[in-house]
Every structure is written in structure tokens, then in C-alpha cells.
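J.: Here you go, one structure.
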Amino acid sequence: MARSAGTIAPPVEALPAVAGRRRRVNWPVVALLAPALILVLLLFIYPLADGIRLSLHTKSGNPFANYGDFFRDARQRDTIWNTLRLALPATLINLAVAIPLAYRMRRVVHFRRLLTGLFVIPMSLGTVLIAQGMLTFFGPAGWFNKTLIALHLVGEPQRLVHNRTGVMISLIISEFPVTFLILLAFASGIDPNLERAAQMLGANTWQRFWRIVFPLMIPGIATAFALSFVATFAVFPSAVMLGQPAGETRVIAIAAWQAAYEQFDYASASAIAIIMAAIEVLVLALVLGARSRFYRGPASGGKG
Amino acid sequence: MSTAVESMPRRERTRPWFLDPSGWLMGAFILFFIALIGGIFFTVLFDSFARTWFGGWLPDAYTTKWYSSAVQEFDLWQVLKVTLIVAITVVVVSLLIGVPAAYALARHDFPGKGLVFLFLLLPIMVPPITYGIPLATLLYERDLAGRLIGVIIANLVPAFPFVIIIMVPFIEQIDPNLERAARILGASPLQVFVRVLLPLAVPGMLAAGLLALVRTIALFELTFLTSGASSQTLVVALYYATSSAGIRTSQSIDAMAVIYMLTTTVLLVLALRFINPTQIVSRTRE
């Protein structure tokens with residue numbers, strides 16, 4: 001705290017017009033960024049690095065024993081599969097709904113602020129609260145089942161909580177806003193003149209979407225997919241509250257938590273956390289790396 | 001999807017939405033989403049005031065007794081006190097660290113800037129449970145976890161990068177000529193920062209602060225992993241209450257959930273008055 005307060009002082013030393021050209025180190029900029037960079041190093045990179053060190057610390061002498069144990073034990077290994085079966089469908093469903101919605105709303109100016117506000121509410125509620133509310137709302141006597149029965153869509157109450165469906169619904173609800181807002185930002189950044197030109201040249205709505213707008217939205221779709229997948233892959237409280245934490249929704253985060261807080265085996269807990277981090281970073285790097293191969297011109301928005 | 005090919009773009013835009021099938025679909029979906037969120041919210045609200053609620057559309061009779069029992073059972077004042085201390089400390093420290101960094105990123109170009117930005121955003125992109133377990137292990141080793149200080153340290157990790165992503169576009173849109181003018185008129189760098197930039201950045205800082213506050217209050221994993229019995233925040237207390245559901249009635253859990261929901265929703269609505277959320281997320285693609 002004291003460090004950062006001190007660094008507020010020297011900022012405007014070099015003004016924007018002059019700053020970029022210089023080759024030598026711009027110390028005021030370094031001083032402004034230093035506290036933030038040090039904090040990421042100390043509280044994010046260092047714990048992960050220390051987690052790797054701890055995970056390699058085994059009694060048997062084989063440094064990869066903890067990783068080997070995880071992949072040999074079917075109950076542990078299956079947590080990856082259990083997690084993927086939640087994260088992938090939830091992410092794809094959200095994209096399938098959010099892409100057309102963002103496309104349709106890219107020109108809508110009325111209500112936009114109200115609607116984005118409405119969509120953002122689930123973010124503020126947090127997963128624990130959504131799960132608690134869902135237990136009653138989607139329960140056998142809840143309003144959702146009552147409505148379905150009243151509309152004669154189903155004959156008897158459906159089982160929508162304490163199984164995979166319940167966890168998936170909670171993931172869809174809590175991740176939809178971010179997915180939608182990312183796509184909306186990209187869709188509104190596409191120059192409308194491109195579509196007008198295509199229309200003038202005889203393209204219909206369908207062609208305009210698939211051949212003009214969709215390719216330009218791919219960077220946004222990739223970003224939304226990566227962030228949403230990573231967030232859903234780390235599902236934890238809702239998998240416990242709305243699923244079967246000992247059965248089909250025993251996700252990888254539950255395995256890591258149990259190792260650390262129930263068996264106090266920090267080495268294998270670290271190994272599981274590192275496996276989880278590796279999968280997430282791999283997806284982020286692959287998807288966000290591939291994104292840069294697509295066209296990123298002025299049409300994808302003046303904001304970038 | 002089946003918009004007429006012949007219509008000119010200008011006419012397409014002015015055509016009323018109710019003649020457009022895709023407009024209907026959009027409206028229907030938005031109503032469905034609102035119904036889901038509203039349904040969840042009102043279920044919790046009704047349940048918290050229900051004397052009993054068996055099977056019917058609405059509770060059989062109403063009472064406010066669950067609120068007073070929630071206050072006693074959950075030690076609500078202690079939990080609220082911890083929640084506010086943690087959230088406010090985290091927000092203040094995040095602003096002190098995040099605003100200078102955002103200023104440097106918004107106003108200066110330097111080699112490797114994209115990488116620095118990505119590095120600072122890593123703690124937001126990687127979910128908290130992933131780094132939370134190694135972080136908590138480390139904090140327990142240093143005897144910091146299980147106490148208020150450990151909860152604050154852990155919650156800082158995703159909070160200050162969040163302040164940075166909101167503040168960078170906000171500072172970018174402040175005209176740099178104002179700072180230049182102040183410099184030409186003889187203001188020192190410190191004076192420029194305190195008397196020109198800071199007053200202009202206050203709305204952005206307020207929004208960033210409020211959003212970070214809401215996120216910190218709603219963030220479960222990091223507090224769950226690092227808190228002890230006397231350092232639980234509202235969400236963590238809520239989680240423990242639901243997992244010991246046999247002992248506690250669902251109505252008093254829901255009463256606590258209502259208190260929590262109202263707090264975060266009011267803060268969020270306040271924050272949205274200052275900032276446009278599409279601006280924030282559009283930064284994440286960099």
C-alpha cells in the first residue's frame with residue numbers, strides 16, 4: 001500500500017507524444033506499473049510455481065508420482081470427464097443463444113442499457129446464491145415444474161436439481177451474461193457499411209450473416225468461448241449444491257478441494273490444481289492464439 | 001432471419017420490431033431469461049417470508065420471524081462486519097494499485113505493452129479455485145490464512161486486475177490535451193495528477209470500485225479456501241448454512257440470501273449508472 005501511494009507522484013513526466021519514441025527505459029511508467037506487476041508475481045505466479053514444486057515433492061522419489069496417481073485412479077481421472085461433460089455443453093449452448101442475440105441486438109439502441117443491466121444481474125448474485133435459489137425454483141414443487149405441468153408440457157415434475165442438469169442450468173445462467181456482452185461488443189464494432197455493401201450486391205440476410213458478419217465475429221466468439229469454457233471448467237460450489245458431489249458431478253475442483261481440505265494431502269492437491277490450471281491455460285492459449293490468425297481489420301471495431 | 005432481400009437498409013432499421021420474426025424471437029428469449037432470474041429471485045423472497053410453503057403456488061401464511069432467526073443463527077452482524085471490512089479494504093488497495101497501472105497503460109506506449117497487459121489480466125482469466133488452492137496452502141504455511149488478513153490478501157488477486165481493465169478505457173477517453181495544457185501552464189506532475197486527472201477519473205474510479213466491491217462480496221472460492229470460523233463472509237456463511245440444511249430451516253437461509261441479494265443488486269445498479277458494461281468486456285480481447 002505504502003509503495004503504491006508513493007508511486008502516484010511522478011506520472012506525467014513524459015507526455016504521450018514523446019513517450020513511445022524513446023528507446024531508453026521510461027522509469028515513471030515502470031514505477032506506476034511495478035506495484036501491480038509485483039502483486040501478480042507474488043500472489044498469482046509464485047503460488048502456482050510453489051504448487052508445482054509441492055506437487056513434485058513425493059516420498060517415493062518419483063517426482064511425478066502424484067500426477068501418476070491421479071491418472072491411474074479411475075475415480076480421480078474421471079473428474080476431468082465429469083467436468084468436460086458440464087463445461088462443454090454449457091459453453092456451446094450459451095454461444096448458440098448469444099451469437100444470434102448479439103447479432104440481432106447490434107443495432108438496437110433502445111432498452112440496450114436496461115437489457116445489459118438485466119443480463120448482468122446474475123453476475124452480481126454469484127454462483128452460491130443462484131444455486132440456493134435454484135434448489136427451490138427448479139425443485140419438484142417449484143414454480144418451474146408447476147408452470148410446465150400447468151402448460152401440459154410434462155405430466156409429472158421433472159428432476160432438475162441434484163443431478164447434472166441442475167449444475168448445467170446454473171452454469172448457463174451464470175455464464176450467459178459474460179458471453180453475451182463480449183459478443184455484443186464485437187458485433188456492434190462491425191462497420192454497418194460492409195453489410196449494406198453486401199446487400200447492395202444482392203446478398204440476402206442469411207448470406208450477409210454467414211459470409212460477412214460471422215467471419216468478422218470469430219475473434220469475439222473465440223474469446224467468449226475460451227473465457228466461458230475456462231470459467232465453467234472450474235465449477236465448484238454449484239456442483240456441490242445442485243449436483244451429486246460424490247457421483248456424476250464430482251468435478252476436478254471437488255477432487256482438488258477434498259485432497260487439500262479433507263485428506264490434508266497438499267502435494268496431491270497441488271498436483272490436481274496444476275492439472276486443472278494446465279488444461280485451462282492450454283485452452284486459453286490455443287483458442288486465443290488461433291484467434292490472431294483470423295482477419296483483424298478495421299471492420300472488427302474501432303475500439304481495439 | 002427471413003428479412004426481405006429487397007428492402008433497403010434504411011427501411012429495415014425503421015421497420016417496427018413486431019413485424020420482424022427475429023425481433024419476436026429475441027423478445028421471447030429475453031422474457032424467458034427474465035422469467036428465470038425473476039423466478040429464482042422471487043422464490044427466495046417468498047420463501048423467506050413464508051410461515052410454511054408446501055406444494056402451493058404461494059406460501060400458506062407469511063411471517064418475518066426468519067429474519068430475526070437468521071440474525072441470531074448466523075451471527076449475521078459479525079458476518080456482515082467481516083464482509084464489509086474485507087470488501088472495502090480489497091477495493092481501496094485495488095484502486096491504489098490499479099489506477100496508477102491503468103494510467104501507465106492508457107497514456108504510454110512501450111515495447112511489450114500487450115504482454116504486460118495480458119500478464120496483469122491473467123488472474124481474471126484463470127478461475128479462482130485453480131490458483132486458490134496453492135495460494136491458500138502458501139498462506140496457511142505463513143500463518144496468514146484462517147484470519148481476516150489472509151482473506152483480504154486472497155481476494156485482492158482478482159480484484160486489482162479488474163480495476164485495471166475498467167480504468168484503462170476510462171482514462172483513454174479523457175482528453176490528454178488537458179494534462180498538456182496544465183503542464184504548459186506550469187503545473188508539476190503531481191499537481192497534474194491530483195488536480196486535473198484525478199477529478200476527471202473519479203466517476204470511473206467510483207464505478208470500478210463499486211463493481212469490484214460487488215465481485216468481492218459475491219466471490220465464494222477464495223474466501224472459502226482461506227477463511228476461519230471468525231473470518232467468514234456472507235456467501236461463505238450462506239454456503240455452510242445450505243450444507244448443514246438439516247439443522248437450519250431453508251427459510252432462514254433464504255432470509256439471509258435476500259439480505260445479500262439486495263445489497264449486491266443495489267450496488268450493481270449504482271455502478272451501471274456510471275459505466276457501460278460493453279466497454280469493459282471489449283477490453284478482454286486484447
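Chain lettering (A, B, ...) mirrors the order of the C-alpha cells, residue numbering begins at 1 for each chain separately, and ligand numbering begins at 1 in order of display.
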As a PyMOL selection string, please: the residues near Ile37 (chain B) (cut-off 12 Å, only C-alpha atoms, same-chain neighbours under 2 positions excluded).
T.: (chain A and resi 118-123+125+129-131+133-134+137-138+144+169-170+172-174+176-177) or (chain B and resi 30-35+39-44)
J.: Using only C-alpha atoms, which chain B residues lie at most 6 Å away from chain A, written as a compact mmCIF listing (two decimals) with all heavy atoms, in the first residue's frame?
T.:
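Writing the result to selection_30.txt gives the following:
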# COMPACT_ATOMS: atom_id res chain seq x y z
N VAL B 5 -35.22 -9.36 -48.96
CA VAL B 5 -33.96 -9.01 -49.59
C VAL B 5 -34.03 -7.62 -50.19
O VAL B 5 -33.07 -6.86 -50.20
CB VAL B 5 -33.62 -10.03 -50.71
CG1 VAL B 5 -32.21 -9.80 -51.23
CG2 VAL B 5 -33.78 -11.43 -50.20
N ILE B 40 -36.23 -17.24 -9.80
CA ILE B 40 -35.28 -17.62 -8.75
C ILE B 40 -35.31 -16.59 -7.62
O ILE B 40 -35.40 -16.92 -6.44
CB ILE B 40 -33.86 -17.75 -9.34
CG1 ILE B 40 -33.81 -18.96 -10.27
CG2 ILE B 40 -32.82 -17.86 -8.24
CD1 ILE B 40 -32.53 -19.11 -11.04
N THR B 43 -38.70 -16.73 -5.73
CA THR B 43 -38.80 -17.94 -4.92
C THR B 43 -38.11 -17.72 -3.57
O THR B 43 -38.67 -18.00 -2.51
CB THR B 43 -38.12 -19.13 -5.64
OG1 THR B 43 -38.76 -19.33 -6.88
CG2 THR B 43 -38.22 -20.38 -4.81
N VAL B 44 -36.87 -17.16 -3.66
CA VAL B 44 -36.12 -16.92 -2.43
C VAL B 44 -36.85 -15.90 -1.56
O VAL B 44 -36.99 -16.08 -0.35
CB VAL B 44 -34.69 -16.43 -2.78
CG1 VAL B 44 -33.95 -15.99 -1.54
CG2 VAL B 44 -33.92 -17.51 -3.50
N GLY B 55 -46.10 -27.20 -1.47
CA GLY B 55 -46.81 -27.57 -2.70
C GLY B 55 -47.58 -26.49 -3.44
O GLY B 55 -47.71 -26.58 -4.64
N ILE B 97 -3.51 0.43 -6.27
CA ILE B 97 -2.55 -0.26 -7.14
C ILE B 97 -2.99 -0.21 -8.60
O ILE B 97 -2.17 -0.03 -9.49
CB ILE B 97 -2.39 -1.72 -6.67
CG1 ILE B 97 -1.69 -1.72 -5.32
CG2 ILE B 97 -1.61 -2.54 -7.68
CD1 ILE B 97 -1.68 -3.05 -4.66
N PRO B 100 -2.89 3.70 -10.85
CA PRO B 100 -1.61 4.09 -11.47
C PRO B 100 -1.22 3.18 -12.62
O PRO B 100 -0.77 3.67 -13.67
CB PRO B 100 -0.60 3.97 -10.32
CG PRO B 100 -1.41 4.07 -9.09
CD PRO B 100 -2.75 3.48 -9.41
N ALA B 101 -1.42 1.87 -12.47
CA ALA B 101 -1.07 0.94 -13.54
C ALA B 101 -1.93 1.20 -14.77
O ALA B 101 -1.43 1.22 -15.90
CB ALA B 101 -1.24 -0.50 -13.06
N ALA B 104 -0.65 4.25 -16.57
CA ALA B 104 0.54 3.97 -17.38
C ALA B 104 0.15 3.26 -18.67
O ALA B 104 0.65 3.58 -19.74
CB ALA B 104 1.52 3.12 -16.58
N ARG B 107 -1.82 5.79 -21.11
CA ARG B 107 -1.17 7.00 -21.62
C ARG B 107 0.19 6.77 -22.25
O ARG B 107 0.72 7.65 -22.90
CB ARG B 107 -1.01 8.01 -20.48
CG ARG B 107 -2.28 8.76 -20.12
CD ARG B 107 -2.62 9.77 -21.19
NE ARG B 107 -3.67 10.65 -20.72
CZ ARG B 107 -4.93 10.57 -21.13
NH1 ARG B 107 -5.29 9.65 -21.99
NH2 ARG B 107 -5.83 11.41 -20.67
N HIS B 108 0.78 5.61 -22.04
CA HIS B 108 2.14 5.42 -22.55
C HIS B 108 2.22 4.19 -23.44
O HIS B 108 1.57 3.18 -23.18
CB HIS B 108 3.13 5.27 -21.39
CG HIS B 108 3.21 6.48 -20.54
ND1 HIS B 108 3.98 7.57 -20.85
CD2 HIS B 108 2.57 6.80 -19.39
CE1 HIS B 108 3.83 8.49 -19.92
NE2 HIS B 108 2.97 8.05 -19.02
N ASP B 109 3.04 4.34 -24.49
CA ASP B 109 3.32 3.20 -25.34
C ASP B 109 4.74 2.74 -25.06
O ASP B 109 5.64 3.56 -24.95
CB ASP B 109 3.21 3.59 -26.81
CG ASP B 109 1.81 3.37 -27.31
OD1 ASP B 109 1.22 2.34 -26.92
OD2 ASP B 109 1.31 4.22 -28.07
N PHE B 110 4.92 1.44 -24.92
CA PHE B 110 6.27 0.93 -24.71
C PHE B 110 6.32 -0.48 -25.27
O PHE B 110 5.28 -1.14 -25.41
CB PHE B 110 6.65 0.96 -23.23
CG PHE B 110 5.63 0.32 -22.33
CD1 PHE B 110 5.65 -1.03 -22.06
CD2 PHE B 110 4.62 1.09 -21.74
CE1 PHE B 110 4.71 -1.61 -21.23
CE2 PHE B 110 3.67 0.53 -20.92
CZ PHE B 110 3.72 -0.83 -20.66
N PRO B 127 -9.67 -19.14 -13.39
CA PRO B 127 -10.65 -19.14 -12.31
C PRO B 127 -10.02 -19.28 -10.92
O PRO B 127 -9.00 -19.97 -10.77
CB PRO B 127 -11.51 -20.36 -12.61
CG PRO B 127 -11.23 -20.72 -14.01
CD PRO B 127 -9.86 -20.25 -14.32
N THR B 130 -8.61 -22.49 -9.14
CA THR B 130 -7.38 -23.06 -9.69
C THR B 130 -6.15 -22.59 -8.92
O THR B 130 -5.34 -23.39 -8.48
CB THR B 130 -7.24 -22.64 -11.17
OG1 THR B 130 -8.48 -22.82 -11.82
CG2 THR B 130 -6.18 -23.47 -11.87
N PRO B 134 -3.33 -23.57 -4.29
CA PRO B 134 -1.92 -23.30 -3.99
C PRO B 134 -1.72 -22.03 -3.15
O PRO B 134 -0.90 -22.01 -2.24
CB PRO B 134 -1.27 -23.14 -5.37
CG PRO B 134 -2.20 -23.78 -6.32
CD PRO B 134 -3.56 -23.71 -5.73
N LEU B 135 -2.51 -20.98 -3.45
CA LEU B 135 -2.38 -19.73 -2.70
C LEU B 135 -2.73 -19.94 -1.23
O LEU B 135 -2.03 -19.48 -0.33
CB LEU B 135 -3.27 -18.66 -3.33
CG LEU B 135 -3.28 -17.28 -2.65
CD1 LEU B 135 -1.91 -16.64 -2.72
CD2 LEU B 135 -4.31 -16.36 -3.30
N PRO B 189 4.11 17.57 -12.20
CA PRO B 189 3.46 16.29 -12.49
C PRO B 189 2.46 15.88 -11.41
O PRO B 189 1.37 15.40 -11.70
CB PRO B 189 4.64 15.32 -12.54
CG PRO B 189 5.81 16.14 -12.89
CD PRO B 189 5.56 17.50 -12.31
N LEU B 190 2.85 16.12 -10.15
CA LEU B 190 1.96 15.74 -9.05
C LEU B 190 0.67 16.57 -9.11
O LEU B 190 -0.43 16.05 -8.94
CB LEU B 190 2.67 15.96 -7.71
CG LEU B 190 1.85 15.56 -6.48
CD1 LEU B 190 1.63 14.04 -6.50
CD2 LEU B 190 2.53 15.98 -5.20
N ALA B 218 -19.46 -11.20 -3.89
CA ALA B 218 -20.04 -12.40 -4.49
C ALA B 218 -19.03 -13.53 -4.66
O ALA B 218 -19.42 -14.66 -4.89
CB ALA B 218 -20.63 -12.05 -5.87
N THR B 278 -20.50 -2.97 -21.86
CA THR B 278 -19.90 -3.49 -23.09
C THR B 278 -18.50 -2.93 -23.30
O THR B 278 -17.65 -3.57 -23.89
CB THR B 278 -20.76 -3.16 -24.32
OG1 THR B 278 -21.11 -1.79 -24.26
CG2 THR B 278 -21.98 -4.02 -24.40
N VAL B 281 -15.98 -5.32 -21.22
CA VAL B 281 -15.62 -6.64 -21.72
C VAL B 281 -14.91 -6.55 -23.06
O VAL B 281 -14.15 -7.43 -23.41
CB VAL B 281 -16.85 -7.56 -21.83
CG1 VAL B 281 -17.26 -8.02 -20.46
CG2 VAL B 281 -17.96 -6.92 -22.56
N SER B 282 -15.14 -5.46 -23.81
CA SER B 282 -14.46 -5.38 -25.10
C SER B 282 -12.95 -5.28 -24.90
O SER B 282 -12.19 -5.52 -25.81
CB SER B 282 -14.98 -4.19 -25.90
OG SER B 282 -14.57 -3.00 -25.31
J.: Would you mind reading off the distance between CA of Tyr67 (chain A) and CA of Ser268 (chain A), one decimal, in Å?
T.: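 Distance between the two atoms: 7.5 Å.
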J.: Which residues of region 211-239 of chain B have any atom within 12 Å of an atom in region 86-94 of chain B when counting only C-alpha atoms, and what is the closest pair of atoms for each, with the distance in Å to one decimal? Order the rows by chain and rising number and write it as a tab-separated table.
T.:
residue	atom	partner	partner_atom	distance
B:Leu211	CA	B:Val91	CA	9.3
B:Ala212	CA	B:Val91	CA	6.3
B:Leu213	CA	B:Ala87	CA	5.6
B:Val214	CA	B:Ala87	CA	8.2
B:Arg215	CA	B:Ala87	CA	8.9
B:Thr216	CA	B:Ala87	CA	5.8
B:Ile217	CA	B:Ala87	CA	6.2
B:Ala218	CA	B:Ala87	CA	9.8
B:Leu219	CA	B:Ala87	CA	10.1
B:Leu222	CA	B:Val86	CA	11.9
B:Thr223	CA	B:Val86	CA	9.7
B:Ser227	CA	B:Val86	CA	11.1
B:Ser231	CA	B:Val86	CA	9.1
B:Gln232	CA	B:Val86	CA	9.8
B:Thr233	CA	B:Val86	CA	8.1
B:Leu234	CA	B:Val86	CA	10.9
J.: As a VMD selection string, list the residues of region 129-261 of chain B assigned to helix (DSSP H, G or I) by DSSP on the backbone atoms of this structure.
T.: chain B and resid 129 to 141 148 to 172 176 to 184 189 to 218 221 to 226 234 to 243 250 to 261
J.: Suppose we keep C-alpha atoms; can you now write the selection as a CSV table (one decimal), in the first residue's frame?
T.:
chain,number,residue,atom,x,y,z
B,129,ILE,CA,-10.4,-22.2,-7.5
B,130,THR,CA,-7.4,-23.1,-9.7
B,131,TYR,CA,-4.9,-20.8,-8.1
B,132,GLY,CA,-6.8,-20.5,-4.8
B,133,ILE,CA,-5.7,-23.9,-3.5
B,134,PRO,CA,-1.9,-23.3,-4.0
B,135,LEU,CA,-2.4,-19.7,-2.7
B,136,ALA,CA,-4.3,-20.9,0.4
B,137,THR,CA,-1.6,-23.6,1.0
B,138,LEU,CA,1.0,-20.9,0.9
B,139,LEU,CA,-1.0,-18.6,3.2
B,140,TYR,CA,-1.5,-21.3,5.7
B,141,GLU,CA,2.2,-22.1,5.7
B,148,LEU,CA,-9.0,-11.6,8.2
B,149,ILE,CA,-5.6,-10.7,6.6
B,150,GLY,CA,-5.5,-13.9,4.6
B,151,VAL,CA,-9.0,-13.5,3.3
B,152,ILE,CA,-8.1,-9.9,2.2
B,153,ILE,CA,-4.8,-11.0,0.5
B,154,ALA,CA,-6.6,-13.8,-1.4
B,155,ASN,CA,-9.4,-11.6,-2.5
B,156,LEU,CA,-7.0,-8.9,-3.8
B,157,VAL,CA,-5.7,-11.2,-6.5
B,158,PRO,CA,-8.6,-11.0,-9.0
B,159,ALA,CA,-9.8,-7.5,-7.7
B,160,PHE,CA,-7.0,-5.1,-8.8
B,161,PRO,CA,-6.7,-6.5,-12.4
B,162,PHE,CA,-10.4,-6.0,-12.6
B,163,VAL,CA,-9.9,-2.3,-11.6
B,164,ILE,CA,-7.2,-2.1,-14.3
B,165,ILE,CA,-9.5,-3.3,-17.1
B,166,ILE,CA,-12.2,-0.9,-16.2
B,167,MET,CA,-9.9,2.1,-15.7
B,168,VAL,CA,-7.8,1.8,-18.9
B,169,PRO,CA,-10.6,2.6,-21.4
B,170,PHE,CA,-11.9,5.2,-18.9
B,171,ILE,CA,-8.5,7.1,-18.7
B,172,GLU,CA,-8.0,6.7,-22.5
B,176,PRO,CA,-4.7,14.2,-22.9
B,177,ASN,CA,-4.6,17.8,-24.0
B,178,LEU,CA,-6.0,18.8,-20.6
B,179,GLU,CA,-2.9,17.4,-19.0
B,180,ARG,CA,-0.6,19.0,-21.6
B,181,ALA,CA,-2.3,22.4,-21.0
B,182,ALA,CA,-1.8,22.1,-17.3
B,183,ARG,CA,1.8,21.2,-17.8
B,184,ILE,CA,2.4,24.2,-20.1
B,189,PRO,CA,3.5,16.3,-12.5
B,190,LEU,CA,2.0,15.7,-9.1
B,191,GLN,CA,-0.3,18.7,-9.5
B,192,VAL,CA,-1.4,17.5,-12.9
B,193,PHE,CA,-2.3,14.1,-11.4
B,194,VAL,CA,-4.1,15.4,-8.3
B,195,ARG,CA,-5.8,18.4,-9.7
B,196,VAL,CA,-6.5,17.5,-13.4
B,197,LEU,CA,-6.6,13.8,-13.9
B,198,LEU,CA,-7.9,12.6,-10.6
B,199,PRO,CA,-11.1,14.7,-10.6
B,200,LEU,CA,-11.8,13.6,-14.2
B,201,ALA,CA,-11.2,10.0,-13.3
B,202,VAL,CA,-13.5,9.9,-10.2
B,203,PRO,CA,-16.6,8.6,-12.0
B,204,GLY,CA,-14.6,5.7,-13.5
B,205,MET,CA,-13.0,5.0,-10.1
B,206,LEU,CA,-16.3,5.0,-8.4
B,207,ALA,CA,-17.7,2.5,-11.0
B,208,ALA,CA,-14.6,0.4,-10.8
B,209,GLY,CA,-14.8,0.4,-7.0
B,210,LEU,CA,-18.4,-0.5,-6.9
B,211,LEU,CA,-18.1,-3.3,-9.4
B,212,ALA,CA,-15.0,-4.7,-7.6
B,213,LEU,CA,-17.0,-4.4,-4.3
B,214,VAL,CA,-19.9,-6.4,-5.8
B,215,ARG,CA,-17.5,-9.0,-7.2
B,216,THR,CA,-15.6,-9.4,-4.0
B,217,ILE,CA,-18.8,-9.8,-2.0
B,218,ALA,CA,-20.0,-12.4,-4.5
B,221,GLU,CA,-14.0,-19.7,-3.7
B,222,LEU,CA,-11.1,-17.6,-2.3
B,223,THR,CA,-12.8,-16.7,0.9
B,224,PHE,CA,-14.0,-20.3,1.3
B,225,LEU,CA,-10.4,-21.6,1.0
B,226,THR,CA,-8.8,-19.0,3.3
B,234,LEU,CA,-21.8,-13.6,3.7
B,235,VAL,CA,-21.5,-16.1,0.7
B,236,VAL,CA,-19.4,-18.5,2.6
B,237,ALA,CA,-21.7,-18.4,5.6
B,238,LEU,CA,-24.6,-19.0,3.2
B,239,TYR,CA,-22.8,-22.0,1.7
B,240,TYR,CA,-22.1,-23.6,5.1
B,241,ALA,CA,-25.7,-22.9,6.0
B,242,THR,CA,-27.0,-24.8,3.0
B,243,SER,CA,-24.7,-27.8,3.5
B,250,SER,CA,-34.4,-23.2,4.5
B,251,GLN,CA,-36.5,-20.1,5.2
B,252,SER,CA,-33.8,-18.5,7.4
B,253,ILE,CA,-31.2,-19.4,4.8
B,254,ASP,CA,-33.3,-17.6,2.3
B,255,ALA,CA,-33.8,-14.6,4.6
B,256,MET,CA,-30.0,-14.3,4.6
B,257,ALA,CA,-29.9,-14.7,0.8
B,258,VAL,CA,-32.4,-11.8,0.5
B,259,ILE,CA,-30.3,-9.5,2.6
B,260,TYR,CA,-27.3,-10.5,0.4
B,261,MET,CA,-29.1,-10.1,-2.9
J.: Please, what distance in Å, to one decimal, runs between CA of Leu86 (chain A) and CA of Leu242 (chain A)?
T.: 12.5 Å
J.: Calculate how many Å separate CA of Arg293 (chain A) from CA of Phe214 (chain A), rounding to one decimal.
T.: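 So the answer is 15.3 Å.
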J.: From the options A:Leu151, A:Ala239, A:Leu171, A:Met217, which residue's atoms come nearest to Tyr103 (chain A), counting only C-alpha atoms?
T.: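 That would be A:Met217, the residue with the smallest distance to Tyr103 (chain A).
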